[in-house]
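Notes to accompany the following structure.
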Amino acid sequence: MKKYNELPDQLQHPLFNEAQLKLFSEEIGYYTRDKTKVYPWQQMDQNITGLLFQWEQLNGVLEKQFKVNKNGEKNMMLGAIAIFLQLLFWTNGEPVNLKQLEGKLTNFQIKPFNIYDRLIFIFSRPTSFHTFKQLQELMLEQQKKFAVKKA
């Protein structure tokens, strides 16, 4: 795999290292190779269901873990954050782009209230129980807003 500084500029973020960036494999493919392929954010109905299934699986594991520990396992929490970012971006018809995040989020039509500040909180404490609870709320809010938009 490429080095961190060789990854697409749109995916470089201090929270995610090279190993975690595999979570954004569709975006890496889009930014570095084939822009003619049909990507998940272009066929939302099919792919959002898959994301939500991944979230439910990971959410269950993390709930059990937080009953035992006050902090979540970092890779699992980063996976949960990545799933939320994909849900947020894909429901707005775009690939995840971590550069100039505030500007991107401002233009989104489907987003939870106060999303930028909430993401800053999540990015600053990625393994905390409060981050996990915030992610649960954000996932629920985004799902509801997407369902309303589809209706």
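Convention: chains lettered A, B, ... in structure tokens order; per-chain residue numbering from 1; ligands numbered from 1 as shown.
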
I want to know what sits within 9 Å of segment 133-148 of chain A, based on only C-alpha atoms, with residues of the same chain fewer than 2 positions away left out; could you give that as a tab-separated table (two decimals) with N, CA and C atoms, in the first residue's frame?
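Below is the file result12.tsv, written as the result:
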chain	number	residue	atom	x	y	z
A	52	LEU	N	-25.34	0.11	6.83
A	52	LEU	CA	-26.12	-0.01	8.07
A	52	LEU	C	-25.96	-1.39	8.70
A	55	TRP	N	-22.68	-1.30	10.45
A	55	TRP	CA	-22.83	-0.52	11.68
A	55	TRP	C	-23.48	-1.36	12.77
A	59	ASN	N	-21.67	-1.96	16.15
A	59	ASN	CA	-22.34	-1.34	17.28
A	59	ASN	C	-22.57	-2.36	18.40
A	80	ALA	N	-16.02	2.41	13.21
A	80	ALA	CA	-17.35	2.99	13.42
A	80	ALA	C	-17.40	4.43	12.91
A	81	ILE	N	-16.35	5.19	13.16
A	81	ILE	CA	-16.29	6.57	12.67
A	81	ILE	C	-16.29	6.58	11.15
A	83	ILE	N	-17.55	4.32	9.14
A	83	ILE	CA	-18.89	3.97	8.65
A	83	ILE	C	-19.80	5.19	8.70
A	84	PHE	N	-19.72	5.95	9.80
A	84	PHE	CA	-20.57	7.15	9.86
A	84	PHE	C	-20.19	8.14	8.76
A	87	LEU	N	-21.63	7.00	5.57
A	87	LEU	CA	-23.07	7.25	5.55
A	87	LEU	C	-23.36	8.72	5.28
A	88	LEU	N	-22.66	9.59	5.96
A	88	LEU	CA	-22.85	11.03	5.80
A	88	LEU	C	-22.57	11.48	4.37
A	91	THR	N	-24.85	9.48	1.52
A	91	THR	CA	-26.24	9.92	1.44
A	91	THR	C	-26.36	11.30	0.82
A	92	ASN	N	-25.25	11.98	0.68
A	92	ASN	CA	-25.22	13.25	-0.03
A	92	ASN	C	-24.64	13.10	-1.43
A	110	ILE	N	-28.33	16.72	3.49
A	110	ILE	CA	-28.74	15.70	4.46
A	110	ILE	C	-27.63	15.59	5.50
A	111	LYS	N	-27.89	16.13	6.69
A	111	LYS	CA	-26.87	16.10	7.75
A	111	LYS	C	-27.52	16.34	9.10
A	112	PRO	N	-26.94	15.76	10.14
A	112	PRO	CA	-27.42	16.02	11.49
A	112	PRO	C	-27.12	17.46	11.91
A	113	PHE	N	-27.88	17.92	12.87
A	113	PHE	CA	-27.69	19.26	13.42
A	113	PHE	C	-26.29	19.39	14.01
A	115	ILE	N	-23.31	19.28	12.86
A	115	ILE	CA	-22.46	18.14	12.51
A	115	ILE	C	-20.96	18.43	12.63
A	118	ARG	N	-19.77	18.38	16.23
A	118	ARG	CA	-19.87	17.02	16.76
A	118	ARG	C	-18.76	16.14	16.21
A	121	PHE	N	-15.53	16.92	18.05
A	121	PHE	CA	-15.54	16.21	19.33
A	121	PHE	C	-15.12	14.75	19.14
A	122	ILE	N	-15.72	14.10	18.16
A	122	ILE	CA	-15.42	12.68	17.89
A	122	ILE	C	-13.96	12.50	17.51
A	128	SER	N	-13.45	7.20	23.28
A	128	SER	CA	-14.21	7.39	24.52
A	128	SER	C	-15.65	6.89	24.39
A	129	PHE	N	-16.23	6.57	25.53
A	129	PHE	CA	-17.63	6.15	25.60
A	129	PHE	C	-18.55	7.25	25.06
A	130	HIS	N	-18.24	8.50	25.39
A	130	HIS	CA	-19.07	9.62	24.92
A	130	HIS	C	-19.02	9.75	23.40
A	131	THR	N	-17.89	9.45	22.82
A	131	THR	CA	-17.79	9.44	21.36
A	131	THR	C	-18.68	8.34	20.79
A	150	LYS	N	-35.63	10.58	0.94
A	150	LYS	CA	-36.04	9.58	-0.06
A	150	LYS	C	-37.55	9.55	-0.25
A	151	ALA	N	-38.29	9.86	0.81
A	151	ALA	CA	-39.77	9.74	0.76
A	151	ALA	C	-40.41	10.77	-0.15

Point to revise | Backbone DSSP call of helix (DSSP H, G or I) for segment 9-134 of chain A, listed as a count of residues only | key: 84

**Study point:** Test item: residues at most 7 Å from segment 65-74 of chain A, only C-alpha atoms, excluding those fewer than 3 positions along its chain, as a PyMOL selection string
**Key:** chain A and resi 61-62+77-78+127-129

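Atom CA of Lys149 of chain A is found 26.2 Å from atom CA of Lys35 of chain A.
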
Exercise for review: Take atom CA of Pro14 of chain A and atom CA of Phe123 of chain A and report the distance between them in Å, one decimal.
Suggested key: 9.2 Å

Out of segment 5-151 of chain A, which residues get strand (DSSP E or B) from DSSP, as an mmCIF file with C-alpha atoms, in the first residue's frame?
data_model
loop_
_atom_site.group_PDB
_atom_site.id
_atom_site.type_symbol
_atom_site.label_atom_id
_atom_site.label_comp_id
_atom_site.auth_asym_id
_atom_site.auth_seq_id
_atom_site.Cartn_x
_atom_site.Cartn_y
_atom_site.Cartn_z
ATOM 1 C CA HIS A 13 -6.319 13.003 8.125
ATOM 2 C CA PHE A 16 -6.614 7.653 10.189
ATOM 3 C CA ASN A 71 -12.658 3.119 26.316
ATOM 4 C CA SER A 128 -14.213 7.389 24.518
#
